[in-house]
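Structure below is start-v3.cif: mmCIF, C-alpha atoms and all ligand atoms.
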data_upload
loop_
_atom_site.group_PDB
_atom_site.id
_atom_site.type_symbol
_atom_site.label_atom_id
_atom_site.label_comp_id
_atom_site.auth_asym_id
_atom_site.auth_seq_id
_atom_site.Cartn_x
_atom_site.Cartn_y
_atom_site.Cartn_z
ATOM 1 C CA MET A 1 80.290 50.977 87.840
ATOM 2 C CA ALA A 2 81.822 54.198 86.517
ATOM 3 C CA GLY A 3 85.289 53.787 88.046
ATOM 4 C CA LEU A 4 84.994 56.800 90.329
ATOM 5 C CA LEU A 5 88.012 58.144 92.187
ATOM 6 C CA PHE A 6 87.448 59.297 95.780
ATOM 7 C CA ILE A 7 90.183 61.230 97.593
ATOM 8 C CA LEU A 8 90.124 61.553 101.346
ATOM 9 C CA SER A 9 92.438 63.947 103.214
ATOM 10 C CA ALA A 10 92.603 64.923 106.876
ATOM 11 C CA PRO A 11 95.161 65.924 109.468
ATOM 12 C CA SER A 12 96.788 62.866 111.025
ATOM 13 C CA GLY A 13 94.754 61.697 114.035
ATOM 14 C CA SER A 14 91.401 63.030 112.748
ATOM 15 C CA GLY A 15 90.065 59.486 112.455
ATOM 16 C CA LYS A 16 90.475 58.995 108.722
ATOM 17 C CA SER A 17 91.631 55.354 108.924
ATOM 18 C CA THR A 18 88.793 54.551 111.336
ATOM 19 C CA LEU A 19 86.276 56.147 108.963
ATOM 20 C CA VAL A 20 87.730 54.378 105.936
ATOM 21 C CA SER A 21 87.341 50.989 107.564
ATOM 22 C CA GLN A 22 83.724 51.813 108.534
ATOM 23 C CA LEU A 23 83.007 53.046 105.022
ATOM 24 C CA ARG A 24 84.381 49.882 103.442
ATOM 25 C CA SER A 25 82.072 47.760 105.584
ATOM 26 C CA MET A 26 79.101 49.950 104.595
ATOM 27 C CA VAL A 27 79.490 50.226 100.807
ATOM 28 C CA PRO A 28 80.496 47.485 98.339
ATOM 29 C CA ASN A 29 82.739 47.744 95.259
ATOM 30 C CA LEU A 30 85.124 50.263 96.743
ATOM 31 C CA ASP A 31 88.836 49.431 96.561
ATOM 32 C CA PHE A 32 91.309 51.075 98.909
ATOM 33 C CA SER A 33 94.599 52.064 97.326
ATOM 34 C CA VAL A 34 97.470 50.721 99.418
ATOM 35 C CA SER A 35 100.133 53.448 99.314
ATOM 36 C CA TRP A 36 103.895 53.036 99.292
ATOM 37 C CA THR A 37 105.819 54.645 102.115
ATOM 38 C CA THR A 38 109.315 54.900 103.543
ATOM 39 C CA ARG A 39 108.017 55.206 107.112
ATOM 40 C CA ALA A 40 108.294 52.227 109.458
ATOM 41 C CA PRO A 41 105.204 50.109 110.234
ATOM 42 C CA ARG A 42 103.223 51.293 113.279
ATOM 43 C CA GLY A 43 101.414 49.129 115.847
ATOM 44 C CA SER A 44 99.674 46.191 114.166
ATOM 45 C CA GLU A 45 100.196 47.468 110.602
ATOM 46 C CA GLN A 46 101.037 44.760 108.077
ATOM 47 C CA GLU A 47 102.995 44.912 104.832
ATOM 48 C CA GLY A 48 100.549 45.148 101.929
ATOM 49 C CA ARG A 49 97.520 45.859 104.123
ATOM 50 C CA GLU A 50 97.891 49.458 105.388
ATOM 51 C CA TYR A 51 100.965 50.266 103.276
ATOM 52 C CA HIS A 52 103.770 48.797 101.226
ATOM 53 C CA PHE A 53 106.776 49.620 103.396
ATOM 54 C CA ILE A 54 109.938 50.257 101.369
ATOM 55 C CA GLN A 55 113.370 51.884 101.662
ATOM 56 C CA ARG A 56 114.103 55.392 100.343
ATOM 57 C CA ASP A 57 116.296 54.134 97.485
ATOM 58 C CA GLN A 58 113.514 51.843 96.246
ATOM 59 C CA PHE A 59 111.027 54.746 96.480
ATOM 60 C CA GLN A 60 113.387 56.947 94.465
ATOM 61 C CA ARG A 61 113.687 54.244 91.804
ATOM 62 C CA MET A 62 109.877 54.102 91.570
ATOM 63 C CA ILE A 63 109.736 57.908 91.149
ATOM 64 C CA ALA A 64 112.344 57.702 88.376
ATOM 65 C CA ALA A 65 110.331 54.959 86.648
ATOM 66 C CA ASN A 66 107.222 57.199 86.759
ATOM 67 C CA GLU A 67 105.314 54.587 88.741
ATOM 68 C CA PHE A 68 103.471 57.077 90.962
ATOM 69 C CA MET A 69 100.238 58.911 90.188
ATOM 70 C CA GLU A 70 101.297 61.273 93.000
ATOM 71 C CA HIS A 71 103.859 61.302 95.763
ATOM 72 C CA ALA A 72 104.818 63.631 98.590
ATOM 73 C CA ASP A 73 107.109 64.095 101.540
ATOM 74 C CA VAL A 74 104.933 63.970 104.670
ATOM 75 C CA PHE A 75 106.553 64.326 108.117
ATOM 76 C CA GLY A 76 109.961 63.537 106.583
ATOM 77 C CA ASN A 77 108.916 60.317 104.864
ATOM 78 C CA TYR A 78 107.897 59.620 101.293
ATOM 79 C CA TYR A 79 104.354 58.498 100.567
ATOM 80 C CA GLY A 80 103.012 57.677 97.103
ATOM 81 C CA THR A 81 100.097 56.192 95.163
ATOM 82 C CA ALA A 82 100.965 53.730 92.400
ATOM 83 C CA ARG A 83 99.431 54.409 88.996
ATOM 84 C CA ALA A 84 98.596 50.697 88.846
ATOM 85 C CA SER A 85 95.968 51.133 91.630
ATOM 86 C CA LEU A 86 93.501 52.881 89.308
ATOM 87 C CA ALA A 87 93.779 50.325 86.527
ATOM 88 C CA GLU A 88 93.474 47.436 88.983
ATOM 89 C CA ALA A 89 90.292 48.862 90.554
ATOM 90 C CA ALA A 90 88.794 49.577 87.137
ATOM 91 C CA GLY A 91 89.681 46.036 86.063
ATOM 92 C CA ARG A 92 87.628 44.718 88.974
ATOM 93 C CA GLY A 93 84.759 47.089 88.109
ATOM 94 C CA ASN A 94 85.289 48.943 91.378
ATOM 95 C CA ASP A 95 85.640 52.550 92.460
ATOM 96 C CA LEU A 96 88.888 53.577 94.130
ATOM 97 C CA LEU A 97 89.501 55.389 97.410
ATOM 98 C CA LEU A 98 92.771 57.232 98.087
ATOM 99 C CA ASP A 99 93.757 58.284 101.608
ATOM 100 C CA ILE A 100 96.410 60.893 100.820
ATOM 101 C CA ASP A 101 97.672 64.186 102.195
ATOM 102 C CA VAL A 102 96.799 67.672 100.904
ATOM 103 C CA GLN A 103 99.907 67.835 98.649
ATOM 104 C CA GLY A 104 99.052 64.512 96.982
ATOM 105 C CA ALA A 105 95.401 65.492 96.585
ATOM 106 C CA ALA A 106 96.444 68.709 94.805
ATOM 107 C CA GLN A 107 98.622 66.686 92.380
ATOM 108 C CA VAL A 108 95.816 64.240 91.545
ATOM 109 C CA ARG A 109 93.315 67.072 91.118
ATOM 110 C CA GLN A 110 95.577 68.564 88.425
ATOM 111 C CA SER A 111 95.533 65.437 86.264
ATOM 112 C CA MET A 112 92.077 64.142 87.281
ATOM 113 C CA PRO A 113 89.776 67.090 88.026
ATOM 114 C CA GLN A 114 86.806 64.717 88.103
ATOM 115 C CA ALA A 115 88.126 63.121 91.309
ATOM 116 C CA ILE A 116 85.684 63.440 94.212
ATOM 117 C CA THR A 117 87.558 65.096 97.048
ATOM 118 C CA ILE A 118 86.572 64.893 100.711
ATOM 119 C CA PHE A 119 88.258 66.650 103.635
ATOM 120 C CA ILE A 120 87.786 65.414 107.201
ATOM 121 C CA LEU A 121 88.170 67.815 110.102
ATOM 122 C CA PRO A 122 88.623 66.933 113.756
ATOM 123 C CA PRO A 123 86.135 68.887 115.943
ATOM 124 C CA ASN A 124 88.847 70.989 117.647
ATOM 125 C CA PRO A 125 92.583 70.920 118.550
ATOM 126 C CA ASP A 126 92.014 69.395 122.013
ATOM 127 C CA VAL A 127 90.142 66.420 120.575
ATOM 128 C CA LEU A 128 92.793 66.023 117.873
ATOM 129 C CA GLU A 129 95.553 65.980 120.479
ATOM 130 C CA ARG A 130 93.632 63.437 122.598
ATOM 131 C CA ARG A 131 93.090 61.148 119.594
ATOM 132 C CA LEU A 132 96.755 61.362 118.573
ATOM 133 C CA ARG A 133 97.817 60.462 122.116
ATOM 134 C CA ASN A 134 95.269 57.641 122.461
ATOM 135 C CA ARG A 135 96.425 56.105 119.217
ATOM 136 C CA SER A 136 100.094 56.393 120.152
ATOM 137 C CA ARG A 137 99.357 54.783 123.529
ATOM 138 C CA ALA A 138 97.467 51.924 121.851
ATOM 139 C CA GLU A 139 100.456 51.425 119.560
ATOM 140 C CA GLY A 140 102.854 51.049 122.452
ATOM 141 C CA GLY A 141 103.947 54.510 123.558
ATOM 142 C CA VAL A 142 103.481 58.229 123.105
ATOM 143 C CA GLU A 143 106.370 59.809 121.302
ATOM 144 C CA GLU A 144 105.936 63.468 122.297
ATOM 145 C CA SER A 145 107.905 64.876 119.368
ATOM 146 C CA VAL A 146 105.728 62.954 116.882
ATOM 147 C CA VAL A 147 102.493 64.202 118.489
ATOM 148 C CA GLN A 148 103.764 67.809 118.498
ATOM 149 C CA LYS A 149 104.911 67.591 114.860
ATOM 150 C CA ARG A 150 101.527 66.274 113.745
ATOM 151 C CA LEU A 151 99.618 68.921 115.734
ATOM 152 C CA ALA A 152 101.733 71.715 114.276
ATOM 153 C CA THR A 153 101.152 70.434 110.745
ATOM 154 C CA ALA A 154 97.386 70.024 111.285
ATOM 155 C CA ARG A 155 96.612 73.741 111.081
ATOM 156 C CA HIS A 156 98.431 74.088 107.735
ATOM 157 C CA GLU A 157 96.578 71.098 106.322
ATOM 158 C CA ILE A 158 93.222 72.394 107.589
ATOM 159 C CA GLU A 159 93.864 75.682 105.730
ATOM 160 C CA LYS A 160 93.390 73.676 102.521
ATOM 161 C CA TYR A 161 89.852 72.496 103.372
ATOM 162 C CA HIS A 162 88.311 74.828 100.771
ATOM 163 C CA GLU A 163 90.077 72.958 97.929
ATOM 164 C CA TYR A 164 87.794 69.967 98.538
ATOM 165 C CA ARG A 165 84.304 69.255 97.203
ATOM 166 C CA TYR A 166 82.998 67.876 100.522
ATOM 167 C CA VAL A 167 83.977 68.660 104.115
ATOM 168 C CA LEU A 168 83.067 66.463 107.102
ATOM 169 C CA VAL A 169 83.603 66.956 110.830
ATOM 170 C CA ASN A 170 84.494 63.678 112.551
ATOM 171 C CA ASP A 171 82.849 64.348 115.892
ATOM 172 C CA VAL A 172 80.394 61.469 116.434
ATOM 173 C CA LEU A 173 81.918 58.546 114.565
ATOM 174 C CA GLU A 174 78.640 56.945 113.429
ATOM 175 C CA ARG A 175 77.393 60.203 111.987
ATOM 176 C CA ALA A 176 80.619 60.958 110.115
ATOM 177 C CA ALA A 177 80.700 57.381 108.749
ATOM 178 C CA GLU A 178 77.130 57.721 107.527
ATOM 179 C CA GLU A 179 77.925 61.059 105.863
ATOM 180 C CA LEU A 180 80.922 59.513 104.134
ATOM 181 C CA SER A 181 78.836 56.575 102.878
ATOM 182 C CA ALA A 182 76.145 59.006 101.720
ATOM 183 C CA ILE A 183 78.724 60.894 99.634
ATOM 184 C CA VAL A 184 79.877 57.685 97.916
ATOM 185 C CA ILE A 185 76.294 56.536 97.287
ATOM 186 C CA ALA A 186 75.150 59.967 96.037
ATOM 187 C CA GLU A 187 78.154 60.373 93.715
ATOM 188 C CA ARG A 188 77.596 56.871 92.320
ATOM 189 C CA SER A 189 73.972 57.683 91.632
ATOM 190 C CA ASN A 190 75.036 60.881 89.830
ATOM 191 C CA ALA A 191 77.380 58.861 87.635
ATOM 192 C CA ASN A 192 74.956 55.974 87.008
ATOM 193 C CA PRO A 193 71.176 56.377 86.725
ATOM 194 C CA PRO A 194 69.637 54.682 89.805
ATOM 195 C CA ALA A 195 67.760 52.104 87.703
ATOM 196 C CA GLU A 196 71.052 50.788 86.328
ATOM 197 C CA SER A 197 72.989 51.203 89.521
ATOM 198 C CA ALA A 198 74.077 48.089 91.372
ATOM 199 C CA GLN A 199 73.510 49.870 94.661
ATOM 200 C CA PRO A 200 71.085 48.138 97.012
ATOM 201 C CA GLN A 201 70.061 51.359 98.778
ATOM 202 C CA THR A 202 67.876 52.748 95.994
ATOM 203 C CA SER A 203 64.869 53.327 98.283
ATOM 204 C CA GLU A 204 67.120 55.230 100.693
ATOM 205 C CA LEU A 205 68.686 57.254 97.904
ATOM 206 C CA PRO A 206 66.849 60.564 98.543
ATOM 207 C CA ARG A 207 67.999 60.533 102.175
ATOM 208 C CA TYR A 208 71.620 59.810 101.213
ATOM 209 C CA ARG A 209 71.539 62.487 98.543
ATOM 210 C CA LYS A 210 70.278 65.046 101.050
ATOM 211 C CA LEU A 211 72.942 64.059 103.586
ATOM 212 C CA ALA A 212 75.678 64.297 100.947
ATOM 213 C CA GLU A 213 74.409 67.662 99.759
ATOM 214 C CA GLN A 214 74.674 69.042 103.303
ATOM 215 C CA CYS A 215 78.363 68.059 103.283
ATOM 216 C CA LEU A 216 79.179 69.983 100.090
ATOM 217 C CA LEU A 217 81.715 72.733 100.818
ATOM 218 C CA GLN A 218 79.295 75.470 99.735
ATOM 219 C CA ASN A 219 76.629 74.202 102.173
ATOM 220 C CA SER A 220 78.927 73.811 105.168
ATOM 221 C CA ALA A 221 79.709 77.340 106.387
ATOM 222 C CA ALA A 222 77.650 77.241 109.604
ATOM 223 C CA ARG A 223 78.972 73.784 110.541
ATOM 224 C CA LEU A 224 82.608 74.635 109.775
ATOM 225 C CA GLN A 225 82.860 78.113 111.289
ATOM 226 C CA PRO A 226 83.279 77.012 114.972
ATOM 227 C CA VAL A 227 85.643 74.198 114.012
ATOM 228 C CA LEU A 228 87.885 76.486 111.970
ATOM 229 C CA ALA A 229 87.768 79.152 114.707
ATOM 230 C CA SER A 230 89.016 76.594 117.248
ATOM 231 C CA PHE A 231 92.118 76.168 115.043
ATOM 232 C CA GLY A 232 92.534 79.945 114.759
ATOM 233 C CA LEU A 233 91.223 80.016 111.172
ATOM 234 C CA SER A 234 88.306 81.784 109.551
ATOM 235 C CA LEU A 235 86.023 80.750 106.684
HETATM 236 P P1 LIG B 301 94.003 58.980 111.218
HETATM 237 O O1 LIG B 301 93.893 57.807 110.297
HETATM 238 O O2 LIG B 301 93.260 60.172 110.735
HETATM 239 O O3 LIG B 301 95.418 59.329 111.563
HETATM 240 P P2 LIG B 301 92.821 57.193 113.232
HETATM 241 O O4 LIG B 301 91.689 56.604 112.465
HETATM 242 O O5 LIG B 301 94.019 56.351 113.493
HETATM 243 O O6 LIG B 301 93.291 58.604 112.610
HETATM 244 O O7 LIG B 301 92.183 57.716 114.614
HETATM 245 C C1 LIG B 301 92.961 58.313 115.633
HETATM 246 C C2 LIG B 301 92.372 57.881 117.000
HETATM 247 O O8 LIG B 301 91.101 58.495 117.188
HETATM 248 C C3 LIG B 301 92.132 56.384 117.119
HETATM 249 O O9 LIG B 301 92.458 55.995 118.437
HETATM 250 C C4 LIG B 301 90.641 56.234 116.835
HETATM 251 O O10 LIG B 301 90.108 55.112 117.485
HETATM 252 C C5 LIG B 301 90.073 57.530 117.415
HETATM 253 N N1 LIG B 301 88.858 58.028 116.758
HETATM 254 C C6 LIG B 301 88.637 58.148 115.421
HETATM 255 N N2 LIG B 301 87.426 58.717 115.174
HETATM 256 C C7 LIG B 301 86.871 58.964 116.383
HETATM 257 C C8 LIG B 301 85.614 59.557 116.808
HETATM 258 N N3 LIG B 301 84.701 60.016 115.951
HETATM 259 N N4 LIG B 301 85.397 59.666 118.134
HETATM 260 C C9 LIG B 301 86.325 59.241 119.027
HETATM 261 N N5 LIG B 301 87.514 58.669 118.702
HETATM 262 C C10 LIG B 301 87.793 58.537 117.385
HETATM 263 P P1 LIG B 302 100.288 58.071 108.478
HETATM 264 O O1 LIG B 302 101.786 58.022 108.606
HETATM 265 O O2 LIG B 302 99.605 58.635 109.706
HETATM 266 O O3 LIG B 302 99.698 56.752 108.036
HETATM 267 O O4 LIG B 302 99.950 59.078 107.296
HETATM 268 C C1 LIG B 302 100.475 60.381 107.322
HETATM 269 C C2 LIG B 302 99.864 61.177 106.196
HETATM 270 O O5 LIG B 302 100.297 60.643 104.927
HETATM 271 C C3 LIG B 302 98.321 61.147 106.151
HETATM 272 O O6 LIG B 302 97.884 62.483 105.907
HETATM 273 C C4 LIG B 302 98.007 60.282 104.964
HETATM 274 O O7 LIG B 302 96.789 60.630 104.335
HETATM 275 C C5 LIG B 302 99.177 60.589 104.061
HETATM 276 N N1 LIG B 302 99.380 59.573 103.028
HETATM 277 C C6 LIG B 302 99.212 58.228 103.118
HETATM 278 N N2 LIG B 302 99.453 57.632 101.941
HETATM 279 C C7 LIG B 302 99.765 58.625 101.074
HETATM 280 C C8 LIG B 302 100.090 58.661 99.677
HETATM 281 O O8 LIG B 302 100.149 57.661 98.979
HETATM 282 N N3 LIG B 302 100.358 59.888 99.153
HETATM 283 C C9 LIG B 302 100.307 61.034 99.874
HETATM 284 N N4 LIG B 302 100.558 62.183 99.248
HETATM 285 N N5 LIG B 302 100.004 61.053 101.173
HETATM 286 C C10 LIG B 302 99.735 59.859 101.767
#
Please lay out the structure from this file as structure tokens.
Amino acid sequence: MAGLLFILSAPSGSGKSTLVSQLRSMVPNLDFSVSWTTRAPRGSEQEGREYHFIQRDQFQRMIAANEFMEHADVFGNYYGTARASLAEAAGRGNDLLLDIDVQGAAQVRQSMPQAITIFILPPNPDVLERRLRNRSRAEGGVEESVVQKRLATARHEIEKYHEYRYVLVNDVLERAAEELSAIVIAERSNANPPAESAQPQTSELPRYRKLAEQCLLQNSAARLQPVLASFGLSL
């Protein structure tokens, strides 16, 4: 395994966490980096599973000790990726997946331009709003100010889509999950010749490669145009 680094970014509520959990059940040898955050746990989130939940002073001490590969202030809370995540994944012979915001992705891209970056778009603002509300309801209540803050931020995050190598639209979940898996499988096969690759899907490889290729930024204009227009943006 080459120790590939995958970075996934999306506006909050796009379905990134849902897609990540599908992806992890579909492809082996992919570690998920558990970030550190100063925000409070939400719903059924558990310490050490979704995040390491810490206080601001502890986060600031970790910044001072240069423990983060990247960190950012998102919606008024700190979020950061520990440098140790990469070494730990490599030690296990696994690739690593980061679920981080557009600011964090830009920082990692600076130091690791080989990182494989993927942006996930919601189909349109109405669907995004519905998903944000559904999730809040499932977690015990809709906090209107939180939903509005996340919707307002979404457009600014979406403006950064062109900084990513791949862009997906999370409309039909199964299709988006398959596209995401195809990207991981295709990038692994680029890094390791198929004969040496530990991937079981070798016979399916041409199909995955084709699917991944369709998700490359430069091949996505027709698919992205209506989605961007719905957010008041152009290609
Ligand atoms: P994020 O991690 O991007 O903030 P979540 O994965 O928590 O978003 O998803 C937000 C909500 O949308 C959840 O209720 C989830 O079940 C739902 N959801 C995610 N993807 C889809 C999809 N393709 N179709 C319908 N609902 C979805
Ligand atoms: P949430 O609070 O909904 O879990 O996440 C809010 C945003 O913070 C999402 O865009 C998510 O990708 C981002 N995020 C989560 N962990 C990190 C991290 O370690 N670094 C950065 N920069 N962003 C993160």
Neighbours of ligand LIG 302 (chain B) within 10 Å, counting only C-alpha atoms and all ligand atoms, as a PyMOL selection string? chain A and resi 7-17+33-42+45+50-52+68-75+77-82+98-108+132+150+153-154+157
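When all atoms listed in the file are used to compute distances to A:Gly76, the closest of the residues A:Arg155, A:Lys149, A:Arg223, A:Arg61 turns out to be A:Lys149.
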Taking the file as shown, find all residues satisfying the PyMOL selection byres (((chain A and resi 3) around 9) and not hetatm) and write them as a PDB file with C-alpha atoms, keeping the file's coordinate frame.
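Written file, result_34.pdb:
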ATOM      1  CA  MET A   1      80.290  50.977  87.840  1.00  0.00           C
ATOM      2  CA  ALA A   2      81.822  54.198  86.517  1.00  0.00           C
ATOM      3  CA  LEU A   4      84.994  56.800  90.329  1.00  0.00           C
ATOM      4  CA  LEU A   5      88.012  58.144  92.187  1.00  0.00           C
ATOM      5  CA  LEU A  86      93.501  52.881  89.308  1.00  0.00           C
ATOM      6  CA  ALA A  89      90.292  48.862  90.554  1.00  0.00           C
ATOM      7  CA  ALA A  90      88.794  49.577  87.137  1.00  0.00           C
ATOM      8  CA  GLY A  93      84.759  47.089  88.109  1.00  0.00           C
ATOM      9  CA  ASN A  94      85.289  48.943  91.378  1.00  0.00           C
ATOM     10  CA  ASP A  95      85.640  52.550  92.460  1.00  0.00           C
ATOM     11  CA  LEU A  96      88.888  53.577  94.130  1.00  0.00           C
TER      12      LEU A  96
END
Using the chain letters and numbers from the file, which residues does the PyMOL selection byres (((chain A and resi 135-143) around 8) and not hetatm) grab, as a ChimeraX atom specification? /A:13,42-44,131-134,144-147
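Atom to atom, atom CA of A:Ala177 and atom CA of A:Thr18 stand 9.0 Å apart.
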Exercise on ligand LIG 301 (chain B), axis-aligned box with 6 Å per side, report centre and edge lengths in Å to one decimal, as JSON:
{"center_x": 90.1, "center_y": 57.6, "center_z": 114.7, "size_x": 22.7, "size_y": 17.1, "size_z": 20.7}
With distances taken over all atoms listed in the file, which of A:Ala221, A:Met62, A:Val127, A:Ala191 is nearest to ligand LIG 301 (chain B)? A:Val127
Of A:Leu19, A:Ala64, A:Leu228, A:Leu180, the one sitting nearest A:Tyr161 when using only C-alpha atoms is A:Leu228
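The space separating atom CA of A:Arg130 from atom P1 of ligand LIG 301 (chain B) comes to 12.2 Å.
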Residues proximal to (86.4, 75.3, 117.6) were defined as those with any atom within 10 Å of that point in the file's coordinates, counting all atoms listed in the file. Which are they, as a PyMOL selection string? chain A and resi 122-126+224-233
Go ahead and write the selection's residues with C-alpha atoms as a compact mmCIF listing (two decimals), keeping the file's coordinate frame.
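Saved the output as part.txt:
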# COMPACT_ATOMS: atom_id res chain seq x y z
CA PRO A 122 88.62 66.93 113.76
CA PRO A 123 86.14 68.89 115.94
CA ASN A 124 88.85 70.99 117.65
CA PRO A 125 92.58 70.92 118.55
CA ASP A 126 92.01 69.40 122.01
CA LEU A 224 82.61 74.64 109.78
CA GLN A 225 82.86 78.11 111.29
CA PRO A 226 83.28 77.01 114.97
CA VAL A 227 85.64 74.20 114.01
CA LEU A 228 87.88 76.49 111.97
CA ALA A 229 87.77 79.15 114.71
CA SER A 230 89.02 76.59 117.25
CA PHE A 231 92.12 76.17 115.04
CA GLY A 232 92.53 79.94 114.76
CA LEU A 233 91.22 80.02 111.17
At a cut-off of 10 Å, using all atoms listed in the file, what residues contact A:Gln218? Leave out same-chain residues fewer than 6 positions from it and give the result as a PyMOL selection string. chain A and resi 162+165-167
Fewer than 6 positions away in the same chain doesn't count, so skip those; otherwise give me all residues within 10 Å of stretch 21-25 of chain A, counting all atoms listed in the file, as a ChimeraX atom specification. /A:31-32,97,173-174,176-182,184
For atom CA of A:Arg49 and atom CA of A:Gln148, the interatomic separation in Å (one decimal): 27.0 Å
Between A:Val20, A:Gly48, A:Phe119, A:Gln58, which is the closest to A:Leu217 once you count only C-alpha atoms? A:Phe119
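For A:Glu187, the list of residues within 9 Å, based on all atoms listed in the file and with local chain neighbours fewer than 6 positions off taken out, reads Leu4, Ile116, Arg209 and Ala212 of chain A.
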